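In what follows, a structure is listed as structure tokens, so that the remarks can point back to it.
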Amino acid sequence: WVQLSSTVTDSVPNPLYQPRSFNFVWQMVTDPTDMNHDVVYAAVVNGIWKSMDGGASWRPVLGLDSSTTTPSQYTDIAITSTGVLYATMSSENGHGGIYRSTDGETWVKISPSTFPLSYRRIEIGIAPSDENQLYIIGETPTYGTTGHSMWHYHYLSGDGSGTGGQWANLTPNVPDDHCTGYYNFDFRKYNSQNSYDMYFAVYPTDTNKVFLAGTDLYRNIDGFSSAAYDWIGGYQCDSSHLSNYVYPGHHPDQHRLVFSPSNPHVAYSATDGGIMKTNDILATPVVWQLMNNDYNTGQFYALTVEPGNTNSPYIVGGLQDNGSYLTNTTDFTQPWPKVLYGDGGYCAITHGRGNYYLSIQQGKVFKMTITDDGTVTGLSRMDPTGGGSTYLFIAPFILDPTNDSLMYLAAGKVIWRNDSLPAIPITGNESNPVSQGWHVLSGTSTGQFANSPAISTLKISEANTDLMYFGTENGKVYKLDGCRTSTGTQKIDISGSNFPSGAYVSCVDVDRLDTNKIMATFSNYGVRSIFYSSNGGQSWSDVSGNLEEHPDGSGSGPSVTWANIYNNGHTTTYYVATSVGLFSTTQLNDSNTVWTQEGANTIGNVVIDMVISRPYDSLVVVGTHGNGVYTNKIFTPTTINNIKPDAPAINCYPN
């Protein structure tokens, strides 16, 4: 792959919805009818670009007004086999709507006269067997069924506008049935998650067999002239086992459906879980087969290793939208068993693997027993009753590093402690929080107002397990002395005067052998990102160094998401996870610190959410957000002058 230089806008991070920028491309199509030019269309924020030379150069053909301050954030483009184009733009600036063109140069607005005035993303599905017909699904938050509008269009004559096209409003037939009971989420009704996942696909040989997608995949056989449908992908309802909410072989959050050119019964589905295939998209039920063979895009939010003086290979990690997985081997060819559903979050393993603690979205934590081959033998939900509704989507929790009986959980604006984890029974409870062993550390509250900041990261060093450091989403770092022995110890604000104002504290790490040595990272772009204190937070030095482009943090410096202070008692290495890979240094030198990329040819420039270490066996583990997990063992050569015959067993490396 070679980046098209014509699409490079600049080198600094940009707002998500920047007009005209190729940083965010909604859709691309090519023109199969032009044999003399390499014609490409790109739907970007606020309009459509056209290239006649395979992307070497571009010119605007629809929208793309460079002076607008309110761009159409959502666009789409589709093309027929004869070169007729349809495009959509959202309504922010009054130029949105549905457009048609026969040459990609002149566009005619064909939106139905009764279409809602306010709309976001609109997706197009052209019928392959009669390309004069198409379906559209649009998010119209103040109108329609479940906040969506659905229409059928039939081109008749002329430029397709007015009487030249016939529109039928199918909005009343948008799926609006319900399946609740597990975490109060409605699995069945049509939901695009604020325009994130949506499309229309039409069966290749029948204009009435249509497939509508959001979080789920629905099939209708009369062009949605009725509300009848089959639920064939995404979620499912299982009243006898409510947590069995994923359609077999499939995955929620739909993005594309492609039919095999040689057999239209065969279809491929693109979802947040990868690629799935069915040999009969018209069957009841549809049987899906996962096709993610050697296709590694694991997006890890968090991970953990077995703690203590061990060289155990056990790793557990939580993945975005794909649950939690476990491995007991460093052999990358071996599959990782899935051990929990949901959006996998923070996790912990007790010493000796007696219990596992795993979490999913919005602060739901589970106590689990898992065999060494990855078989789950017991599970109970165990987050605190009364924990509230302000949890971060992926809520941090940690175990006391020397006492597996203690857990600390950031429940939004306050920290809870559980001091009797072994006493929590494993009953199979999946739905309800518990009160057993939980206490609020009242001195940790960041405020009772709706805009009070959430607690974003927690850390305790084994050097003093009665001392906790934590950070917040508005840039504050606190020290809490007595966290292990008291429920009301007041936090102390140790935020540096040189911290970036209001930034997001993505990580606080503490040296395992010295609680005065602390590193704090900020994940925002455009700010200084890494700070270090050697005196327990009394003062902080900016050690961002060469990870920033300019002295004030502006420019193309990466987001820094995590820090790990590796100290094996002889040497100290500092690791930071960033949006462009893993970096390390052995020497902190204030703003002159030089960070060196690790694994440039293996890990690469992928986003990394977490890096952790276990000094006993020199293990470093990296969780990437898009390319799985990497491990390495960092060895420091030492000279042994004499080993007594009665010396205790030792581990010898690397042989």
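Labels for the structure tokens follow display order: chains A, B, ..., residues from 1 in each chain, ligands from 1.
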ask   = Near Asp331 in chain A, counting only C-alpha atoms, which residues have an atom at most 12 Å away, once you skip same-chain residues fewer than 2 positions from it, shown as an MDAnalysis selection string?
value = chainID A and resid 313:314 327:329 333:336 629:631
query = Could you name the residues that touch Leu212 in chain A at 8 Å or less, counting only C-alpha atoms, but leaving out those on the same chain fewer than 3 positions away, as a PyMOL selection string?
reply = chain A and resi 198-201+217-219
message = Quick check for you: according to DSSP on this backbone, which residues of range 50-172 of chain A are classed as helix (DSSP H, G or I)? Reply as a VMD selection string.
response = chain A and resid 162 to 164 171 to 172
Saved selection, atoms kept: all heavy atoms, as a short mmCIF file (atom, residue, chain, number, x, y, z; two decimals), in the first residue's frame:
data_model
loop_
_atom_site.label_atom_id
_atom_site.label_comp_id
_atom_site.auth_asym_id
_atom_site.auth_seq_id
_atom_site.Cartn_x
_atom_site.Cartn_y
_atom_site.Cartn_z
N GLY A 162 -38.60 15.31 -8.88
CA GLY A 162 -40.02 15.55 -9.06
C GLY A 162 -40.75 14.31 -9.51
O GLY A 162 -40.59 13.22 -8.93
N THR A 163 -41.54 14.43 -10.58
CA THR A 163 -42.29 13.28 -11.10
C THR A 163 -41.40 12.29 -11.83
O THR A 163 -41.86 11.22 -12.24
CB THR A 163 -43.41 13.75 -12.05
OG1 THR A 163 -42.81 14.51 -13.12
CG2 THR A 163 -44.41 14.63 -11.31
N GLY A 164 -40.12 12.64 -12.00
CA GLY A 164 -39.19 11.72 -12.64
C GLY A 164 -38.74 10.59 -11.73
O GLY A 164 -38.04 9.67 -12.17
N THR A 171 -41.04 4.15 6.43
CA THR A 171 -40.61 4.38 7.81
C THR A 171 -41.43 3.63 8.86
O THR A 171 -40.85 3.11 9.83
CB THR A 171 -40.62 5.89 8.11
OG1 THR A 171 -39.77 6.56 7.17
CG2 THR A 171 -40.16 6.19 9.52
N PRO A 172 -42.75 3.53 8.71
CA PRO A 172 -43.52 2.78 9.74
C PRO A 172 -43.09 1.32 9.87
O PRO A 172 -43.40 0.69 10.89
CB PRO A 172 -44.96 2.89 9.24
CG PRO A 172 -44.99 4.13 8.41
CD PRO A 172 -43.65 4.16 7.72
#
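Distance-wise, CA of Tyr478 in chain A and CA of Lys517 in chain A end up 14.0 Å apart.
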Please identify every residue of range 412-484 of chain A that has at least one atom no farther than 10 Å from an atom of range 537-548 of chain A, counting only C-alpha atoms, and for each give the shortest atom pair and the distance in Å to one decimal, arranged by chain then increasing number, as JSON lines.
{"residue": "A:Tyr469", "atom": "CA", "partner": "A:Gly537", "partner_atom": "CA", "distance": 9.7}
{"residue": "A:Val477", "atom": "CA", "partner": "A:Gly537", "partner_atom": "CA", "distance": 8.6}
{"residue": "A:Tyr478", "atom": "CA", "partner": "A:Gly537", "partner_atom": "CA", "distance": 8.7}
{"residue": "A:Lys479", "atom": "CA", "partner": "A:Gly537", "partner_atom": "CA", "distance": 8.2}
Long-range neighbours of Pro401 in chain A as a PDB file with N, CA and C atoms, in the first residue's frame, 8 Å cut-off, only C-alpha atoms, 5 positions minimum in chain:
ATOM      1  N   PRO A 307       0.414 -12.675  38.490  1.00  0.00           N
ATOM      2  CA  PRO A 307       1.386 -11.897  39.250  1.00  0.00           C
ATOM      3  C   PRO A 307       2.328 -12.774  40.069  1.00  0.00           C
ATOM      4  N   ILE A 460      -1.441   1.155  42.760  1.00  0.00           N
ATOM      5  CA  ILE A 460      -0.835   0.900  44.064  1.00  0.00           C
ATOM      6  C   ILE A 460       0.463   0.147  43.832  1.00  0.00           C
ATOM      7  N   SER A 461       1.530   0.558  44.526  1.00  0.00           N
ATOM      8  CA  SER A 461       2.817  -0.121  44.432  1.00  0.00           C
ATOM      9  C   SER A 461       2.935  -1.140  45.545  1.00  0.00           C
ATOM     10  N   GLU A 462       3.592  -2.258  45.248  1.00  0.00           N
ATOM     11  CA  GLU A 462       3.789  -3.264  46.282  1.00  0.00           C
ATOM     12  C   GLU A 462       4.718  -2.773  47.392  1.00  0.00           C
ATOM     13  N   THR A 465       1.305  -0.781  50.091  1.00  0.00           N
ATOM     14  CA  THR A 465      -0.037  -1.060  49.576  1.00  0.00           C
ATOM     15  C   THR A 465      -1.121  -0.292  50.312  1.00  0.00           C
TER      16      THR A 465
END
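Those residues that approach range 337-342 of chain A to within 7 Å, counting only C-alpha atoms, are Asp321, Asn322, Gly323, Ser324, Tyr325, Leu326, Thr327, Ile360, Gln361, Gly374 and Val376 of chain A; same-chain residues fewer than 6 positions away are not listed.
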message = as a PyMOL selection string, please: the residues near range 418-432 of chain A (cut-off 6 Å, only C-alpha atoms, same-chain neighbours under 3 positions excluded).
response = chain A and resi 379-381+405-407+437-438
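Among the candidates A:Tyr301, A:Tyr566, A:Tyr182, A:Tyr408, the one nearest to His241 in chain A when counting only C-alpha atoms is A:Tyr182.
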key: Two-atom distance - CA of Ile124 in chain A, CA of Gly223 in chain A (Å)   =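 Between these atoms lies a distance of 14.2 Å.
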ask   = Just how far from CA of Thr350 in chain A is CA of Cys507 in chain A, in Å to one decimal?
value =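 Here the two named atoms are 22.0 Å from each other.
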task = Can you pull out every residue within 7 Å of Val560 in chain A, counting only C-alpha atoms, but drop anything in the same chain fewer than 5 positions away, and send it as a ChimeraX atom specification?
result = /A:521-523,529,576-579
Write out as an mmCIF file with N, CA, C and O atoms, in the first residue's frame each polymer residue whose atoms come within 8 Å of Ile455 in chain A, counting only C-alpha atoms; drop sequence neighbours fewer than 5 positions from it.
data_model
loop_
_atom_site.group_PDB
_atom_site.id
_atom_site.type_symbol
_atom_site.label_atom_id
_atom_site.label_comp_id
_atom_site.auth_asym_id
_atom_site.auth_seq_id
_atom_site.Cartn_x
_atom_site.Cartn_y
_atom_site.Cartn_z
ATOM 1 N N ALA A 410 -12.983 1.969 40.332
ATOM 2 C CA ALA A 410 -13.367 3.347 40.054
ATOM 3 C C ALA A 410 -14.784 3.352 39.486
ATOM 4 O O ALA A 410 -14.998 3.016 38.329
ATOM 5 N N ALA A 411 -15.733 3.727 40.356
ATOM 6 C CA ALA A 411 -17.144 3.758 39.955
ATOM 7 C C ALA A 411 -17.523 5.178 39.566
ATOM 8 O O ALA A 411 -18.286 5.857 40.250
ATOM 9 N N GLY A 412 -16.952 5.644 38.497
ATOM 10 C CA GLY A 412 -17.227 7.006 38.061
ATOM 11 C C GLY A 412 -16.489 8.022 38.907
ATOM 12 O O GLY A 412 -15.277 8.184 38.808
ATOM 13 N N LYS A 413 -17.210 8.690 39.813
ATOM 14 C CA LYS A 413 -16.663 9.798 40.576
ATOM 15 C C LYS A 413 -16.148 9.390 41.951
ATOM 16 O O LYS A 413 -15.779 10.255 42.757
ATOM 17 N N VAL A 414 -16.123 8.114 42.261
ATOM 18 C CA VAL A 414 -15.710 7.654 43.581
ATOM 19 C C VAL A 414 -15.056 6.282 43.455
ATOM 20 O O VAL A 414 -15.284 5.566 42.470
ATOM 21 N N ILE A 415 -14.236 5.934 44.447
ATOM 22 C CA ILE A 415 -13.582 4.626 44.456
ATOM 23 C C ILE A 415 -14.219 3.751 45.523
ATOM 24 O O ILE A 415 -14.450 4.194 46.658
ATOM 25 N N THR A 446 -14.923 12.907 43.626
ATOM 26 C CA THR A 446 -14.524 14.066 42.832
ATOM 27 C C THR A 446 -15.656 15.068 42.673
ATOM 28 O O THR A 446 -15.513 16.047 41.936
ATOM 29 N N PHE A 470 -4.248 8.064 42.042
ATOM 30 C CA PHE A 470 -5.254 7.949 40.985
ATOM 31 C C PHE A 470 -5.378 9.265 40.226
ATOM 32 O O PHE A 470 -5.015 10.336 40.720
ATOM 33 N N GLY A 471 -5.860 9.148 38.986
ATOM 34 C CA GLY A 471 -6.027 10.311 38.123
ATOM 35 C C GLY A 471 -7.449 10.433 37.642
ATOM 36 O O GLY A 471 -8.248 9.500 37.756
ATOM 37 N N THR A 472 -7.779 11.600 37.090
ATOM 38 C CA THR A 472 -9.143 11.874 36.642
ATOM 39 C C THR A 472 -9.156 12.326 35.187
ATOM 40 O O THR A 472 -8.125 12.689 34.613
ATOM 41 N N GLU A 473 -10.355 12.363 34.651
ATOM 42 C CA GLU A 473 -10.508 12.750 33.254
ATOM 43 C C GLU A 473 -10.373 14.254 33.036
ATOM 44 O O GLU A 473 -10.430 14.719 31.900
#
key: Option closest in space to Gly125 in chain A, from A:Thr207, A:Thr142, A:Ser51, A:Ser442 [counting only C-alpha atoms]   = A:Thr207
ask   = Can you list, as a PyMOL selection string, every residue of range 254-335 of chain A that DSSP puts in strand (DSSP E or B)?
value = chain A and resi 254-259+267-271+274-278+289-290+299-305+315-319+323-327
message = Restricting the calculation to only C-alpha atoms: of A:Asn132, A:Ser456, A:Asn535, A:Thr487, which residue gets closest to Phe393 in chain A?
response =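 So, comparing all the options, the nearest one is A:Ser456.
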key: Distance criterion (only C-alpha atoms): nearest to Thr69 in chain A out of A:Asn93, A:Thr215, A:Thr88, A:Thr571   = A:Asn93
